[in-house]
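The file query.cif comes next; it holds mmCIF, C-alpha atoms.
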```
data_work
#
loop_
_atom_site.label_atom_id
_atom_site.label_comp_id
_atom_site.auth_asym_id
_atom_site.auth_seq_id
_atom_site.Cartn_x
_atom_site.Cartn_y
_atom_site.Cartn_z
CA THR A 40 30.85 38.43 6.75
CA ASP A 41 33.75 36.33 5.47
CA PRO A 42 34.74 33.75 8.16
CA ALA A 43 38.43 34.69 7.93
CA GLU A 44 37.64 38.38 8.30
CA ARG A 45 35.33 37.63 11.21
CA SER A 46 38.02 35.62 13.01
CA ALA A 47 40.58 38.35 12.44
CA ALA A 48 38.20 40.99 13.79
CA ILE A 49 37.53 38.94 16.93
CA ARG A 50 41.26 38.42 17.54
CA ALA A 51 41.89 42.15 17.12
CA ALA A 52 39.08 42.93 19.56
CA LEU A 53 40.49 40.51 22.13
CA ASP A 54 43.93 42.09 21.84
CA ARG A 55 42.44 45.51 22.55
CA LEU A 56 40.24 44.27 25.39
CA ARG A 57 43.07 42.56 27.27
CA SER A 58 44.66 45.94 27.90
CA LEU A 59 41.41 47.11 29.51
CA THR A 60 40.38 44.08 31.56
CA GLY A 61 43.40 44.42 33.81
CA GLY A 62 42.43 47.90 34.92
CA VAL A 63 41.18 49.09 38.29
CA GLY A 64 38.78 46.47 39.62
CA ASP A 65 35.98 48.82 40.62
CA GLU A 66 36.03 50.80 37.36
CA LEU A 67 32.93 50.18 35.24
CA ILE A 68 34.96 50.09 32.04
CA THR A 69 37.01 47.20 33.44
CA TRP A 70 33.88 45.12 33.95
CA GLU A 71 32.46 46.15 30.59
CA SER A 72 35.69 45.02 28.96
CA ARG A 73 35.52 41.65 30.71
CA LEU A 74 31.98 41.21 29.46
CA LEU A 75 33.01 42.03 25.90
CA GLU A 76 35.99 39.69 26.19
CA ALA A 77 33.67 36.85 27.22
CA ARG A 78 31.47 37.63 24.24
CA CYS A 79 34.41 37.54 21.87
CA HIS A 80 35.52 34.15 23.23
CA ARG A 81 31.99 32.83 22.72
CA LEU A 82 31.82 34.13 19.17
CA LYS A 83 35.22 32.57 18.50
CA GLY A 84 33.90 29.23 19.76
CA ASP A 85 36.11 29.12 22.86
CA HIS A 86 33.27 28.44 25.27
CA GLN A 87 35.51 27.49 28.18
CA ALA A 88 37.40 30.80 28.05
CA ALA A 89 34.08 32.66 27.88
CA ARG A 90 32.79 30.73 30.90
CA VAL A 91 35.92 31.48 32.92
CA LYS A 92 35.73 35.19 32.14
CA LEU A 93 32.08 35.39 33.22
CA GLN A 94 32.74 33.49 36.45
CA GLN A 95 35.61 35.74 37.54
CA SER A 96 34.47 37.55 40.71
CA ALA A 97 30.90 36.67 39.77
CA GLU A 98 29.49 38.03 43.04
CA ASN A 99 31.23 41.38 42.57
CA TRP A 100 29.85 42.37 39.18
CA PRO A 101 28.38 45.90 39.39
CA ALA A 102 24.59 46.14 39.49
CA ALA A 103 24.54 48.12 36.24
CA LEU A 104 25.98 45.14 34.35
CA ARG A 105 24.35 42.16 36.05
CA SER A 106 21.55 41.94 33.51
CA ALA A 107 24.04 42.14 30.63
CA ARG A 108 26.27 39.53 32.30
CA LEU A 109 23.33 37.16 32.68
CA ALA A 110 22.38 37.75 29.04
CA GLU A 111 25.87 36.72 27.95
CA GLU A 112 25.77 33.67 30.23
CA VAL A 113 22.44 32.63 28.72
CA ARG A 114 23.81 32.98 25.19
CA LEU A 115 26.76 30.83 26.18
CA LEU A 116 24.44 28.17 27.61
CA LEU A 117 22.37 28.19 24.43
CA ALA A 118 25.52 27.87 22.33
CA THR A 119 26.44 24.75 24.31
CA ASP A 120 22.94 23.18 24.09
CA GLN A 121 22.07 23.81 27.74
CA ALA A 122 18.72 25.53 27.26
CA HIS A 123 17.29 23.98 30.44
CA ILE A 124 20.02 25.55 32.60
CA ALA A 125 19.58 28.87 30.80
CA ALA A 126 15.86 28.71 31.62
CA GLU A 127 16.68 28.14 35.31
CA ARG A 128 18.96 31.20 35.33
CA LEU A 129 16.22 33.43 33.94
CA LEU A 130 13.64 31.97 36.33
CA GLU A 131 15.94 32.83 39.26
CA TRP A 132 16.26 36.40 37.97
CA ARG A 133 12.50 36.78 37.50
CA ASP A 134 11.80 35.40 40.99
CA ALA A 135 14.21 37.93 42.50
CA ALA A 136 13.40 41.00 40.38
CA GLY A 137 9.76 40.33 39.52
CA TYR A 138 10.24 40.72 35.76
CA LEU A 139 12.69 40.22 32.89
CA PRO A 140 14.18 43.36 31.33
CA GLY A 141 14.21 43.77 27.56
CA GLU A 142 17.20 41.72 26.43
CA LEU A 143 16.43 38.93 28.89
CA SER A 144 12.83 38.80 27.65
CA LEU A 145 14.09 38.16 24.12
CA LEU A 146 16.54 35.52 25.34
CA ASN A 147 13.73 33.84 27.26
CA LEU A 148 11.89 33.43 23.95
CA GLN A 149 15.04 32.03 22.35
CA ILE A 150 15.31 29.45 25.14
CA LEU A 151 11.71 28.38 24.61
CA ALA A 152 12.43 28.21 20.88
CA ALA A 153 15.38 25.89 21.50
CA MET A 154 13.16 23.64 23.60
CA TRP A 155 10.48 23.79 20.93
CA ARG A 156 12.99 22.69 18.27
CA PHE A 157 13.97 19.69 20.39
CA ALA A 158 10.31 18.68 20.77
CA TRP A 159 9.70 19.27 17.06
CA ASP A 160 12.73 17.20 15.99
CA HIS A 161 11.63 14.34 18.25
CA GLN A 162 8.01 14.49 17.02
CA GLN A 163 6.68 15.52 20.43
CA LYS A 164 3.79 17.53 18.99
CA SER A 165 1.86 18.11 22.22
CA GLN A 166 4.98 19.42 23.97
CA ALA A 167 5.81 21.61 20.97
CA ASP A 168 2.30 23.08 21.05
CA ILE A 169 2.62 23.85 24.78
CA LEU A 170 5.95 25.61 24.20
CA MET A 171 4.48 27.65 21.35
CA GLU A 172 1.65 28.77 23.63
CA GLN A 173 4.21 29.70 26.27
CA MET A 174 6.10 31.78 23.71
CA GLN A 175 2.88 33.62 22.91
CA LYS A 176 2.33 34.38 26.62
CA GLU A 177 5.90 35.57 27.08
CA THR A 178 5.63 37.77 23.99
CA ASP A 179 2.44 39.33 25.37
CA ARG A 180 4.14 39.82 28.73
CA ALA A 181 7.04 41.65 27.04
CA GLN A 182 4.51 44.02 25.45
CA ARG A 183 3.05 44.79 28.88
CA GLU A 184 6.16 44.86 31.06
CA VAL A 185 8.96 45.95 28.71
CA GLY A 186 7.63 47.86 25.73
CA GLY A 187 9.80 49.78 23.26
CA ILE A 188 12.32 48.23 20.91
CA TRP A 189 12.79 45.03 22.93
CA ALA A 190 9.05 44.30 22.95
CA TRP A 191 9.06 44.82 19.20
CA ARG A 192 12.02 42.47 18.79
CA CYS A 193 10.19 39.87 20.88
CA GLN A 194 7.17 40.20 18.61
CA VAL A 195 9.32 39.84 15.48
CA PHE A 196 11.02 36.77 16.93
CA PHE A 197 7.72 35.14 17.85
CA SER A 198 6.35 35.85 14.38
CA LEU A 199 9.38 34.10 12.91
CA MET A 200 8.74 31.09 15.14
CA GLN A 201 5.10 30.92 14.08
CA GLN A 202 6.16 30.66 10.47
CA THR A 203 8.07 27.47 11.23
CA THR A 204 4.90 25.67 12.27
CA LYS A 205 2.62 27.39 9.79
CA TYR A 206 3.96 26.18 6.48
CA GLY A 207 4.75 22.50 6.97
CA PRO A 208 7.88 20.32 7.19
CA GLU A 209 9.16 21.00 3.67
CA VAL A 210 9.68 24.66 4.56
CA ALA A 211 10.51 24.27 8.25
CA GLU A 212 14.20 23.51 7.71
CA LYS A 213 14.62 26.50 5.42
CA VAL A 214 12.84 28.76 7.90
CA GLN A 215 14.97 27.43 10.76
CA SER A 216 18.15 28.25 8.83
CA ALA A 217 16.90 31.77 8.25
CA GLN A 218 15.87 32.10 11.87
CA SER A 219 19.26 30.89 13.09
CA ALA A 220 20.94 33.55 10.99
CA TYR A 221 18.56 36.13 12.43
CA GLN A 222 19.28 35.02 16.02
CA ALA A 223 23.01 35.28 15.33
CA GLY A 224 22.55 38.87 14.23
CA GLN A 225 23.31 37.99 10.60
CA PHE A 226 20.46 40.10 9.26
CA ASP A 227 21.62 40.24 5.64
CA ARG A 228 21.96 36.45 5.49
CA ALA A 229 18.60 35.96 7.21
CA ALA A 230 16.87 38.29 4.76
CA SER A 231 18.56 36.56 1.84
CA LEU A 232 17.40 33.14 3.08
CA TYR A 233 13.83 34.36 3.47
CA ARG A 234 14.00 35.71 -0.09
CA GLU A 235 15.17 32.28 -1.26
CA ILE A 236 12.16 30.69 0.42
CA ALA A 237 9.92 33.25 -1.29
CA ASP A 238 11.42 32.40 -4.68
CA TRP A 239 11.02 28.68 -4.01
CA ALA A 240 7.41 29.16 -2.92
CA ALA A 241 6.65 31.24 -6.02
CA ASP A 242 8.01 28.43 -8.21
CA GLN A 243 5.71 26.03 -6.35
CA SER A 244 2.72 28.34 -6.95
CA ARG A 245 2.44 29.00 -3.23
CA SER A 246 1.84 32.72 -3.43
CA GLU A 247 0.66 33.13 0.16
CA LEU A 248 3.87 31.59 1.48
CA ALA A 249 5.99 33.62 -0.94
CA SER A 250 4.27 36.84 0.14
CA GLU A 251 4.74 35.97 3.82
CA MET A 252 8.45 35.33 3.31
CA MET A 253 8.89 38.62 1.43
CA PHE A 254 7.21 40.44 4.29
CA THR A 255 9.48 38.69 6.80
CA ALA A 256 12.61 39.47 4.76
CA GLY A 257 11.61 43.14 4.73
CA SER A 258 10.96 43.09 8.47
CA VAL A 259 14.44 41.66 9.14
CA LEU A 260 16.01 44.39 6.99
CA LEU A 261 14.03 46.97 8.96
CA GLN A 262 15.47 45.63 12.21
CA LYS A 263 18.92 46.02 10.70
CA GLY A 264 18.04 49.62 9.87
CA ASP A 265 18.48 49.16 6.12
CA PHE A 266 15.41 51.13 5.08
CA ALA A 267 16.38 51.27 1.39
CA ALA A 268 16.63 47.47 1.05
CA ALA A 269 13.51 46.96 3.17
CA LYS A 270 11.57 49.42 1.02
CA GLN A 271 12.53 47.54 -2.15
CA THR A 272 11.66 44.16 -0.61
CA PHE A 273 8.24 45.30 0.60
CA ARG A 274 7.44 46.82 -2.78
CA GLU A 275 8.40 43.61 -4.57
CA GLY A 276 6.19 41.68 -2.18
CA THR A 277 3.31 43.97 -3.13
CA ASP A 278 3.85 43.89 -6.88
CA LYS A 279 4.57 40.16 -7.27
CA PHE A 280 1.82 38.83 -5.00
CA THR A 281 -0.99 41.35 -5.38
CA THR A 282 -3.87 39.06 -4.34
CA THR A 283 -2.35 37.61 -1.16
CA ARG A 284 -3.31 38.43 2.41
CA ARG A 285 0.09 39.99 3.02
CA ALA A 286 -0.06 42.31 0.00
CA ALA A 287 -1.63 45.15 1.99
CA ASP A 288 0.89 44.71 4.83
CA CYS A 289 3.81 44.77 2.38
CA HIS A 290 2.42 47.89 0.76
CA LEU A 291 1.90 49.63 4.10
CA MET A 292 5.46 48.88 5.20
CA TRP A 293 6.74 50.17 1.84
CA VAL A 294 4.87 53.38 2.62
CA TRP A 295 6.34 53.43 6.13
CA CYS A 296 9.87 53.17 4.71
CA LEU A 297 9.17 56.14 2.45
CA GLY A 298 8.06 58.01 5.56
CA LYS A 299 11.36 57.22 7.27
CA GLU A 300 13.21 58.49 4.20
CA TYR A 301 11.28 61.75 4.47
CA GLU A 302 12.07 62.02 8.19
CA ARG A 303 15.78 61.64 7.47
CA ALA A 304 15.76 64.00 4.49
CA PRO A 305 12.63 66.22 4.50
CA THR A 306 12.90 67.29 0.87
CA LYS A 307 10.02 68.14 -1.44
CA SER A 308 10.58 65.02 -3.56
CA ASN A 309 10.59 62.74 -0.48
CA ARG A 310 7.46 64.44 0.84
CA GLU A 311 5.64 63.97 -2.44
CA ALA A 312 6.75 60.35 -2.69
CA TYR A 313 5.43 59.66 0.83
CA THR A 314 2.06 61.37 0.40
CA SER A 315 1.59 59.78 -3.03
CA ALA A 316 2.25 56.36 -1.49
CA LEU A 317 -0.24 57.03 1.30
CA ASP A 318 -2.87 58.07 -1.25
CA GLU A 319 -2.14 54.91 -3.23
CA HIS A 320 -2.61 52.72 -0.17
CA LEU A 321 -5.89 54.36 0.80
CA GLU A 322 -7.18 53.88 -2.74
CA GLN A 323 -6.05 50.28 -3.28
CA TYR A 324 -6.66 48.91 0.23
CA ALA A 325 -9.62 50.98 1.43
CA SER A 326 -11.39 47.90 2.79
CA ARG A 327 -8.38 46.50 4.65
CA SER A 328 -7.47 47.23 8.26
CA THR A 329 -4.18 48.70 7.05
CA ALA A 330 -6.15 51.65 5.69
CA GLY A 331 -6.67 52.74 9.29
CA ASP A 332 -2.91 52.61 9.86
CA ALA A 333 -2.36 54.65 6.71
CA GLN A 334 -4.89 57.26 7.86
CA LEU A 335 -3.07 57.52 11.18
CA MET A 336 0.31 57.88 9.45
CA TYR A 337 -1.14 60.57 7.19
CA ALA A 338 -2.62 62.40 10.19
CA GLN A 339 0.65 62.38 12.14
CA PHE A 340 2.52 63.56 9.06
CA GLN A 341 0.14 66.50 8.57
CA GLU A 342 0.13 67.32 12.30
CA ASN A 343 3.94 67.54 12.27
CA ARG A 344 3.63 69.97 9.35
CA LEU A 345 1.20 72.06 11.48
CA GLN A 346 -1.65 71.31 9.07
CA TYR A 347 -4.10 70.66 11.88
CA THR A 348 -7.32 70.82 9.85
CA VAL A 349 -6.04 68.29 7.31
CA ALA A 350 -4.63 66.12 10.11
CA LEU A 351 -8.03 66.07 11.84
CA ASP A 352 -9.70 64.71 8.70
CA HIS A 353 -7.31 61.76 8.75
CA TYR A 354 -7.51 61.20 12.51
CA HIS A 355 -11.31 61.07 12.25
CA ALA A 356 -11.03 58.61 9.33
CA VAL A 357 -9.42 55.96 11.57
CA PRO A 358 -12.22 53.46 12.36
CA THR A 359 -13.43 53.48 15.95
CA ASP A 360 -12.81 49.73 16.23
CA HIS A 361 -9.24 49.98 14.90
CA VAL A 362 -6.50 48.78 17.26
CA LYS A 363 -5.00 52.29 17.20
CA ALA A 364 -8.27 54.21 17.53
CA THR A 365 -7.21 55.61 20.92
CA VAL A 366 -3.96 56.91 19.41
CA ALA A 367 -6.03 58.61 16.71
CA ASP A 368 -8.36 60.19 19.29
CA LEU A 369 -5.41 61.53 21.29
CA GLY A 370 -3.93 62.96 18.10
CA ALA A 371 -7.24 64.66 17.30
CA ILE A 372 -7.33 66.14 20.80
CA ARG A 373 -3.85 67.60 20.29
CA CYS A 374 -4.88 69.12 16.97
CA TYR A 375 -8.02 70.70 18.41
CA GLU A 376 -6.02 72.13 21.33
CA LYS A 377 -3.43 73.60 18.98
CA SER A 378 -6.11 74.94 16.62
CA LEU A 379 -7.95 76.61 19.48
CA LYS A 380 -4.78 78.39 20.54
CA LEU A 381 -4.69 79.91 17.06
CA ASN A 382 -8.45 80.54 16.93
CA PRO A 383 -9.99 80.63 20.43
CA GLU A 384 -13.43 81.52 19.02
CA ASN A 385 -13.85 78.24 17.15
CA GLU A 386 -16.98 76.90 18.88
CA ASN A 387 -17.15 73.77 16.78
CA GLY A 388 -13.58 72.96 17.74
CA LYS A 389 -14.39 73.45 21.42
CA GLN A 390 -17.35 71.07 21.25
CA MET A 391 -15.39 68.41 19.40
CA LEU A 392 -12.54 68.67 21.91
CA LYS A 393 -14.95 68.22 24.83
CA ARG A 394 -16.54 65.21 23.14
CA LEU A 395 -13.19 63.53 22.49
CA GLU A 396 -11.91 64.24 26.02
CA ALA A 397 -15.14 62.84 27.47
CA GLY A 398 -14.68 59.70 25.40
CA GLN A 399 -11.12 59.25 26.62
CA THR A 400 -12.25 59.69 30.25
CA ALA A 401 -14.98 57.08 29.77
CA ASP A 402 -12.49 54.66 28.21
CA ARG A 403 -10.10 55.09 31.14
CA LYS A 404 -12.89 54.43 33.68
CA GLU A 405 -13.99 51.33 31.78
CA LYS A 406 -10.41 49.98 31.79
CA GLU A 407 -10.08 50.68 35.53
CA MET A 408 -13.30 48.73 36.15
CA ASP A 409 -11.97 45.84 34.07
#
```
Write out the structure in this file as structure tokens.
Amino acid sequence: TDPAERSAAIRAALDRLRSLTGGVGDELITWESRLLEARCHRLKGDHQAARVKLQQSAENWPAALRSARLAEEVRLLLATDQAHIAAERLLEWRDAAGYLPGELSLLNLQILAAMWRFAWDHQQKSQADILMEQMQKETDRAQREVGGIWAWRCQVFFSLMQQTTKYGPEVAEKVQSAQSAYQAGQFDRAASLYREIADWAADQSRSELASEMMFTAGSVLLQKGDFAAAKQTFREGTDKFTTTRRAADCHLMWVWCLGKEYERAPTKSNREAYTSALDEHLEQYASRSTAGDAQLMYAQFQENRLQYTVALDHYHAVPTDHVKATVADLGAIRCYEKSLKLNPENENGKQMLKRLEAGQTADRKEKEMD
């Protein structure tokens, strides 16, 4: 976004919000407007005005907005290089509530990242390693306690941080610039910067790094919701760096984007493009773990089309040691149940259903014992 246009948009938003923040004190929209006004001041760079707005009647903020208010306070503290105070605020919340909700979990990672950058810049390697381990633990905790889109965003953020340490000092600054753009919500700029790193790495004959950066650029575009641009980026990553470790991942995500296009517009051409891409992946990457993901995607696609017999073939093709093997088994159970409703006399189907259900019961008991 052009800086002048951005400033004008923020000023316009503040003008609108001022008419709302003076409303009835106990109205939720009044508090929501105050929160948005604080955010606008922060984005404008007027940190003092943002701080004042957040501190107004701090003890009276409605419960529904306290998490959002804390999130904005933490962003303000990060913007003013006070990561240690931001960490204390989140620790107080976790001690009181027992966990960090989605947005606060992501901000917690951003705080640790800010601390990591300080240690990195001051060549405190042991401290930086400890902070990276802590980020891994917090990312895993988000998967367990939060789930959904925020857990996924935490995972994406942690993956971006890992890249900073993975590829050495000559790339670290470039990656940090891209990551800063990502943290600021500037997804197009972040993706563009990752593409620039990929181009630079390709010129340096560092294909693995180039492939990794293409995959990351595509992932950022996915988070933005730009499936068309992400699809193109993933495909380029596949075609340009065919022998890299990330080639299969890029190809799978290209397939996934085609699947999203079919979901949005279930036309014959989109269906054929998606199934052709799945077939291509299973042929080219049969020995890679992504083949199991492709089989699962194929199975779910066929199940949604009520093609239960075809879906079962794909569900059964997911390796038993695959990370999503349980998802595949549950999908197979659904297909057998639906098939038996159509053909109650299918004895083979009955036996397979019993076997799968018995396996799921045994897995649950084993987890309970663990």
Evaluate the PyMOL selection byres ((chain A and resi 356) around 12) and report residues as a list in words:
Leu321, Ala325, Ser328, Ala330, Gly331, Asp332, Ala333, Gln334, Leu335, Met336, Tyr337, Ala338, Val349, Ala350, Leu351, Asp352, His353, Tyr354, His355, Val357, Pro358, Thr359, Asp360, His361, Lys363, Ala364, Ala367, Asp368 and Ala371 of chain A
Any idea what the distance is between atom CA of A:Ala217 and atom CA of A:Gln182?
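Distance between the two atoms: 24.5 Å.
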Any chance you could work out the residue set of the PyMOL selection byres ((chain A and resi 113-123) around 12) here, as a ChimeraX atom specification?
/A:77-93,106-112,124-130,132,142-157,219,222-223
With 6 Å of padding per side, what axis-aligned box (centre and edge lengths, Å, one decimal) covers all the listed atoms of stretch 91-100 of chain A? Give it as lines of an AutoDock Vina configuration file.
```
center_x = 32.7
center_y = 36.9
center_z = 37.6
size_x = 18.4
size_y = 22.9
size_z = 22.9
```
Nearest-residue call for A:Thr204, choices A:Ala167, A:Glu275, A:Ser244, A:Thr281, using all atoms listed in the file:
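Smallest distance to A:Thr204 is found for A:Ala167.
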When you draw a straight line from atom CA of A:Ser378 to atom CA of A:Glu311, how long is it in Å?
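Straight-line distance from atom CA of A:Ser378 to atom CA of A:Glu311 works out to 24.9 Å.
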Find the residues around A:Ser198 up to 12 Å (all atoms listed in the file counted), leave out those fewer than 6 positions away in its own chain, and share them as a ChimeraX atom specification.
/A:148,152,171,174-175,178,191-192,204-205,214,218,251-252,254-255,258-259
Calculate how many Å separate atom CA of A:Phe266 from atom CA of A:Leu297, rounding to one decimal.
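Atom-to-atom, atom CA of A:Phe266 and atom CA of A:Leu297 are spaced 8.4 Å apart.
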Of the listed residues A:Tyr206, A:Tyr324, A:Trp159, A:Tyr301, that which approaches A:Cys289 most closely, counting all atoms listed in the file
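Closest to A:Cys289, using all atoms listed in the file: A:Tyr324.
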Please list, as a PyMOL selection string, the residues that have an atom at most 12 Å away from (11.0, 48.6, -0.8) in the coordinates of this file, counting all atoms listed in the file.
chain A and resi 253-254+256-258+260-261+265-278+289-300+316
Would you kindly translate the PyMOL selection byres ((chain A and resi 56) around 12) into the concrete residues it picks from this file, as an NGL selection string?
:A and (49-55 or 57-62 or 68-80)
